[in-house]
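Data file: entry-v1.pdb. Format and content: PDB, C-alpha atoms.
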```
ATOM      1  CA  MET O1379      94.422  96.443 121.546
ATOM      2  CA  SER O1380      93.961  93.372 123.684
ATOM      3  CA  GLY O1381      95.672  90.106 122.745
ATOM      4  CA  GLY O1382      93.887  87.891 120.259
ATOM      5  CA  THR O1383      91.564  90.616 119.005
ATOM      6  CA  THR O1384      91.244  91.072 115.255
ATOM      7  CA  LEU O1385      91.979  94.568 113.994
ATOM      8  CA  GLU O1386      89.069  96.378 112.376
ATOM      9  CA  ASN O1387      91.409  98.152 109.977
ATOM     10  CA  ALA O1388      94.376  95.791 109.675
ATOM     11  CA  ASN O1389      96.142  97.772 106.934
ATOM     12  CA  PRO O1390      95.503 101.471 107.449
ATOM     13  CA  VAL O1391      96.849 104.081 105.073
ATOM     14  CA  VAL O1392      99.793 105.839 106.729
ATOM     15  CA  PHE O1393     100.275 109.528 105.988
ATOM     16  CA  GLN O1394     103.442 111.585 106.248
ATOM     17  CA  ARG O1395     103.825 113.706 109.343
ATOM     18  CA  SER O1396     103.893 117.471 108.967
ATOM     19  CA  GLY O1397     107.080 119.232 109.920
ATOM     20  CA  ASP O1398     107.738 120.544 113.388
ATOM     21  CA  ARG O1399     106.754 124.130 114.066
ATOM     22  CA  LEU O1400     109.586 126.538 114.705
ATOM     23  CA  LEU O1401     109.029 128.622 117.806
ATOM     24  CA  THR O1402     109.435 132.377 117.559
ATOM     25  CA  SER O1403     111.186 134.437 120.212
ATOM     26  CA  ASN O1404     107.804 135.906 121.239
ATOM     27  CA  GLU O1405     106.406 132.408 121.802
ATOM     28  CA  GLU O1406     109.341 131.519 124.033
ATOM     29  CA  ASP O1407     109.129 134.773 126.030
ATOM     30  CA  GLU O1408     106.879 134.210 129.042
ATOM     31  CA  ASP O1409     106.291 137.981 129.377
ATOM     32  CA  VAL O1410     104.709 138.321 125.923
ATOM     33  CA  HIS O1411     101.032 137.378 125.489
ATOM     34  CA  ASP O1412     100.937 134.563 122.974
ATOM     35  CA  PRO O1413      97.405 133.586 121.931
ATOM     36  CA  ILE O1414      96.795 129.873 121.512
ATOM     37  CA  ASP O1415      96.345 129.049 117.823
ATOM     38  CA  GLU O1416      95.383 126.096 115.634
ATOM     39  CA  ARG O1417      98.950 124.883 115.139
ATOM     40  CA  GLU O1418      99.619 124.859 118.874
ATOM     41  CA  ILE O1419      96.499 122.735 119.463
ATOM     42  CA  PHE O1420      97.396 120.437 116.562
ATOM     43  CA  ASP O1421     100.868 119.973 118.031
ATOM     44  CA  LEU O1422      99.257 118.841 121.303
ATOM     45  CA  ILE O1423      97.081 116.159 119.696
ATOM     46  CA  ARG O1424      99.032 114.984 116.648
ATOM     47  CA  SER O1425     101.204 112.516 118.577
ATOM     48  CA  ILE O1426      98.335 110.782 120.414
ATOM     49  CA  SER O1427      98.651 107.065 119.686
ATOM     50  CA  ASP O1428      95.904 105.148 117.944
ATOM     51  CA  PRO O1429      94.417 102.513 120.305
ATOM     52  CA  GLU O1430      94.832  99.739 117.699
ATOM     53  CA  HIS O1431      98.003 100.627 115.824
ATOM     54  CA  PRO O1432     101.505 101.753 116.815
ATOM     55  CA  LEU O1433     100.873 104.936 114.847
ATOM     56  CA  SER O1434      99.923 108.477 115.779
ATOM     57  CA  LEU O1435      96.565 110.054 114.977
ATOM     58  CA  GLU O1436      98.393 112.350 112.569
ATOM     59  CA  GLU O1437     100.006 109.434 110.728
ATOM     60  CA  LEU O1438      96.552 107.875 110.272
ATOM     61  CA  ASN O1439      95.087 111.242 109.194
ATOM     62  CA  VAL O1440      92.570 111.016 112.032
ATOM     63  CA  VAL O1441      93.546 114.556 113.031
ATOM     64  CA  GLU O1442      94.557 117.367 110.693
ATOM     65  CA  GLN O1443      95.493 120.956 111.433
ATOM     66  CA  ALA O1444      92.803 122.128 108.988
ATOM     67  CA  ARG O1445      90.150 120.560 111.263
ATOM     68  CA  VAL O1446      91.289 122.466 114.365
ATOM     69  CA  LYS O1447      89.474 125.710 115.175
ATOM     70  CA  VAL O1448      90.544 128.053 117.967
ATOM     71  CA  SER O1449      89.278 131.321 119.337
ATOM     72  CA  ASP O1450      91.692 132.368 122.063
ATOM     73  CA  ALA O1451      89.644 135.515 122.745
ATOM     74  CA  GLU O1452      86.464 133.462 123.278
ATOM     75  CA  SER O1453      88.342 130.540 124.937
ATOM     76  CA  ILE O1454      86.969 127.952 122.506
ATOM     77  CA  VAL O1455      88.757 125.006 120.907
ATOM     78  CA  GLY O1456      86.991 122.814 118.363
ATOM     79  CA  ILE O1457      88.442 119.595 116.968
ATOM     80  CA  GLU O1458      86.993 117.429 114.221
ATOM     81  CA  PHE O1459      88.551 113.998 113.938
ATOM     82  CA  THR O1460      88.060 111.431 111.193
ATOM     83  CA  PRO O1461      88.078 107.712 112.085
ATOM     84  CA  THR O1462      89.953 105.547 109.583
ATOM     85  CA  ILE O1463      86.850 103.477 108.824
ATOM     86  CA  PRO O1464      83.103 104.314 109.056
ATOM     87  CA  HIS O1465      82.390 101.616 111.678
ATOM     88  CA  CYS O1466      85.416 102.249 113.907
ATOM     89  CA  SER O1467      84.574 100.923 117.367
ATOM     90  CA  MET O1468      87.419 103.007 118.813
ATOM     91  CA  ALA O1469      85.954 106.374 117.758
ATOM     92  CA  THR O1470      84.707 107.279 121.235
ATOM     93  CA  LEU O1471      88.027 106.271 122.810
ATOM     94  CA  ILE O1472      89.940 108.353 120.256
ATOM     95  CA  GLY O1473      87.710 111.364 120.896
ATOM     96  CA  LEU O1474      88.054 110.887 124.651
ATOM     97  CA  SER O1475      91.848 110.738 124.330
ATOM     98  CA  ILE O1476      91.877 113.993 122.363
ATOM     99  CA  LYS O1477      89.588 115.646 124.896
ATOM    100  CA  VAL O1478      91.652 114.459 127.877
ATOM    101  CA  LYS O1479      94.898 115.650 126.282
ATOM    102  CA  LEU O1480      93.422 119.120 125.789
ATOM    103  CA  LEU O1481      91.814 119.227 129.253
ATOM    104  CA  ARG O1482      95.206 118.412 130.781
ATOM    105  CA  SER O1483      97.151 120.836 128.563
ATOM    106  CA  LEU O1484      95.018 123.959 128.260
ATOM    107  CA  PRO O1485      94.004 126.551 130.834
ATOM    108  CA  ASN O1486      90.624 125.842 132.478
ATOM    109  CA  ARG O1487      89.070 128.823 130.705
ATOM    110  CA  PHE O1488      88.801 126.885 127.439
ATOM    111  CA  LYS O1489      85.633 125.150 126.299
ATOM    112  CA  ILE O1490      86.717 122.071 124.356
ATOM    113  CA  ASP O1491      84.485 120.599 121.652
ATOM    114  CA  VAL O1492      85.689 117.317 120.162
ATOM    115  CA  HIS O1493      83.528 115.653 117.527
ATOM    116  CA  ILE O1494      83.647 113.406 114.497
ATOM    117  CA  THR O1495      84.019 114.977 111.062
ATOM    118  CA  PRO O1496      80.449 115.054 109.672
ATOM    119  CA  GLY O1497      79.574 112.102 107.476
ATOM    120  CA  THR O1498      82.616 109.959 108.336
ATOM    121  CA  HIS O1499      81.232 107.514 110.922
ATOM    122  CA  ALA O1500      78.150 105.303 111.111
ATOM    123  CA  SER O1501      77.465 106.247 114.768
ATOM    124  CA  GLU O1502      78.546 109.880 114.488
ATOM    125  CA  GLU O1503      75.598 111.312 116.424
ATOM    126  CA  ALA O1504      75.933 108.872 119.349
ATOM    127  CA  VAL O1505      79.705 109.343 119.636
ATOM    128  CA  ASN O1506      79.396 113.145 119.479
ATOM    129  CA  LYS O1507      76.690 113.064 122.166
ATOM    130  CA  GLN O1508      78.952 111.058 124.488
ATOM    131  CA  LEU O1509      81.941 113.346 123.917
ATOM    132  CA  ALA O1510      79.851 116.496 124.525
ATOM    133  CA  ASP O1511      78.371 115.216 127.798
ATOM    134  CA  LYS O1512      80.586 116.401 130.682
ATOM    135  CA  GLU O1513      79.085 113.874 133.085
ATOM    136  CA  ARG O1514      79.714 110.943 130.725
ATOM    137  CA  VAL O1515      83.291 112.083 130.164
ATOM    138  CA  ALA O1516      83.858 112.430 133.916
ATOM    139  CA  ALA O1517      82.328 108.986 134.550
ATOM    140  CA  ALA O1518      84.515 107.453 131.843
ATOM    141  CA  LEU O1519      87.610 108.912 133.459
ATOM    142  CA  GLU O1520      86.631 107.396 136.815
ATOM    143  CA  ASN O1521      86.808 103.929 135.205
ATOM    144  CA  SER O1522      90.389 102.855 135.984
ATOM    145  CA  SER O1523      90.596 100.418 133.055
ATOM    146  CA  LEU O1524      89.412 103.010 130.563
ATOM    147  CA  LEU O1525      91.664 105.682 132.052
ATOM    148  CA  GLU O1526      94.638 103.326 131.682
ATOM    149  CA  VAL O1527      93.880 102.882 127.967
ATOM    150  CA  VAL O1528      93.515 106.663 127.506
ATOM    151  CA  ASN O1529      96.828 107.239 129.297
ATOM    152  CA  GLN O1530      98.502 104.671 127.013
ATOM    153  CA  CYS O1531      97.211 106.599 123.994
ATOM    154  CA  LEU O1532      98.622 109.816 125.442
ATOM    155  CA  THR O1533     102.054 108.321 126.167
ATOM    156  CA  PRO O1534     104.362 108.647 123.176
ATOM    157  CA  THR O1535     105.745 105.252 122.199
ATOM    158  CA  ARG O1536     108.598 106.751 120.227
ATOM    159  CA  SER O1537     110.084 110.155 119.605
ATOM    160  CA  ILE O1538     107.881 112.091 117.233
TER     161      ILE O1538
END
```

Step by step, read the file and then write its structure as structure tokens.
Amino acid sequence: MSGGTTLENANPVVFQRSGDRLLTSNEEDEDVHDPIDEREIFDLIRSISDPEHPLSLEELNVVEQARVKVSDAESIVGIEFTPTIPHCSMATLIGLSIKVKLLRSLPNRFKIDVHITPGTHASEEAVNKQLADKERVAAALENSSLLEVVNQCLTPTRSI
């Protein structure tokens, strides 16, 4: 958030974080095929910082493991995220941050679909269209100011 700007959601509800996932010996063994699953994807995105608050997307309930869908065999990852308010002006930036985190973290074989949970945002269709358009996403990431904000969202501000 830039200085002097009024927060859209000044007092968001803060949710408790889920516990950390315990890794199995098979997951730690590089020689064993370990399909990517919903929890692994959730673990990648849960600590992304909200652009307006010093809280994670998990703490604001913007992302939930139940809204992560993965098909390792088909190389598809789908994420639904829920903005904290129906008119959130940061929805596209949040979706872009999620998409960038997954693009940077997953093998290139994965198709990544990030969209707003149906019925939770006033501009749902427009935001989803922007996030689904590869050229718009690429253009956004060429904007150094926007990329800096995305990178700030992806940088943990505290140990989570």

With the PyMOL selection byres ((chain O and resi 1477) around 12) as the selection, what would be picked from this file? Answer as a PyMOL selection string, please. chain O and resi 1419+1422-1423+1426+1455-1459+1470-1476+1478-1484+1488-1493+1506+1508-1512+1515-1516+1518-1519+1528-1529+1531-1532

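Taking CA of Glu1526 (chain O) and CA of Arg1445 (chain O) as endpoints, the distance between them is 27.1 Å.
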
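A straight line drawn from CA of Ile1463 (chain O) to CA of Arg1424 (chain O) is 18.5 Å long.
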
When the PyMOL selection byres ((chain O and resi 1451) around 12) is applied to the file above, which residues end up in the set, as a count of residues only? 15

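CA of Glu1520 (chain O) to CA of Ala1500 (chain O) spans 27.1 Å [interatomic distance, one decimal].
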
Residue members of the PyMOL selection byres ((chain O and resi 1440) around 8) in the file shown, as a PyMOL selection string: chain O and resi 1435-1439+1441-1442+1459-1462

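Restricting the calculation to all atoms listed in the file, the smallest distance between Gln1530 (chain O) and any of O:Glu1513, O:Ser1434, O:Gln1443, O:Glu1418 is found for O:Ser1434.
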
Using all atoms listed in the file, which of O:Thr1498, O:Asn1486, O:Ser1522, O:Thr1533 sits nearest Asp1428 (chain O)? O:Thr1533

With distances taken over all atoms listed in the file, which of O:Ile1494, O:Val1446, O:Val1505, O:His1499 is nearest to His1465 (chain O)? O:His1499

My list of candidates is O:Leu1525, O:Ala1469, O:Leu1433, O:Ala1444. Which is closest to Glu1502 (chain O) when distances are computed with all atoms listed in the file?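 The answer is O:Ala1469, which sits nearest to Glu1502 (chain O).
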
How would region 1427-1453 of chain O look with N, CA and C atoms restored, written as a compact mmCIF listing (two decimals), keeping the file's coordinate frame?
```
# COMPACT_ATOMS: atom_id res chain seq x y z
N SER O 1427 98.58 108.38 120.33
CA SER O 1427 98.65 107.06 119.69
C SER O 1427 97.27 106.52 119.40
N ASP O 1428 97.13 105.85 118.27
CA ASP O 1428 95.90 105.15 117.94
C ASP O 1428 95.78 103.95 118.89
N PRO O 1429 94.57 103.64 119.37
CA PRO O 1429 94.42 102.51 120.30
C PRO O 1429 94.71 101.15 119.68
N GLU O 1430 94.64 101.04 118.35
CA GLU O 1430 94.83 99.74 117.70
C GLU O 1430 96.16 99.58 116.97
N HIS O 1431 96.79 100.67 116.64
CA HIS O 1431 98.00 100.63 115.82
C HIS O 1431 99.13 101.38 116.51
N PRO O 1432 100.37 101.01 116.24
CA PRO O 1432 101.50 101.75 116.82
C PRO O 1432 101.81 103.00 115.99
N LEU O 1433 100.76 103.74 115.67
CA LEU O 1433 100.87 104.94 114.85
C LEU O 1433 100.17 106.09 115.55
N SER O 1434 100.56 107.30 115.19
CA SER O 1434 99.92 108.48 115.78
C SER O 1434 98.64 108.81 115.02
N LEU O 1435 97.79 109.62 115.65
CA LEU O 1435 96.56 110.05 114.98
C LEU O 1435 96.89 110.88 113.74
N GLU O 1436 97.99 111.60 113.76
CA GLU O 1436 98.39 112.35 112.57
C GLU O 1436 98.79 111.41 111.44
N GLU O 1437 99.56 110.37 111.75
CA GLU O 1437 100.01 109.43 110.73
C GLU O 1437 98.84 108.69 110.08
N LEU O 1438 97.74 108.54 110.81
CA LEU O 1438 96.55 107.88 110.27
C LEU O 1438 95.57 108.88 109.67
N ASN O 1439 95.93 110.16 109.71
CA ASN O 1439 95.09 111.24 109.19
C ASN O 1439 93.76 111.35 109.94
N VAL O 1440 93.76 110.90 111.18
CA VAL O 1440 92.57 111.02 112.03
C VAL O 1440 92.43 112.47 112.47
N VAL O 1441 93.56 113.13 112.71
CA VAL O 1441 93.55 114.56 113.03
C VAL O 1441 94.37 115.31 112.00
N GLU O 1442 93.88 116.49 111.65
CA GLU O 1442 94.56 117.37 110.69
C GLU O 1442 94.48 118.80 111.23
N GLN O 1443 95.50 119.57 110.96
CA GLN O 1443 95.49 120.96 111.43
C GLN O 1443 94.31 121.73 110.85
N ALA O 1444 93.92 121.42 109.63
CA ALA O 1444 92.80 122.13 108.99
C ALA O 1444 91.48 121.90 109.71
N ARG O 1445 91.39 120.86 110.54
CA ARG O 1445 90.15 120.56 111.26
C ARG O 1445 90.21 121.00 112.73
N VAL O 1446 91.16 121.88 113.03
CA VAL O 1446 91.29 122.47 114.36
C VAL O 1446 90.86 123.92 114.28
N LYS O 1447 89.94 124.32 115.13
CA LYS O 1447 89.47 125.71 115.18
C LYS O 1447 89.70 126.25 116.59
N VAL O 1448 90.25 127.45 116.67
CA VAL O 1448 90.54 128.05 117.97
C VAL O 1448 90.12 129.51 117.97
N SER O 1449 89.49 129.91 119.06
CA SER O 1449 89.28 131.32 119.34
C SER O 1449 89.83 131.58 120.73
N ASP O 1450 91.06 132.09 120.78
CA ASP O 1450 91.69 132.37 122.06
C ASP O 1450 90.88 133.42 122.82
N ALA O 1451 90.40 134.43 122.11
CA ALA O 1451 89.64 135.51 122.74
C ALA O 1451 88.36 135.00 123.39
N GLU O 1452 87.71 134.01 122.75
CA GLU O 1452 86.46 133.46 123.28
C GLU O 1452 86.70 132.19 124.10
N SER O 1453 87.96 131.75 124.19
CA SER O 1453 88.34 130.54 124.94
C SER O 1453 87.62 129.29 124.44
```
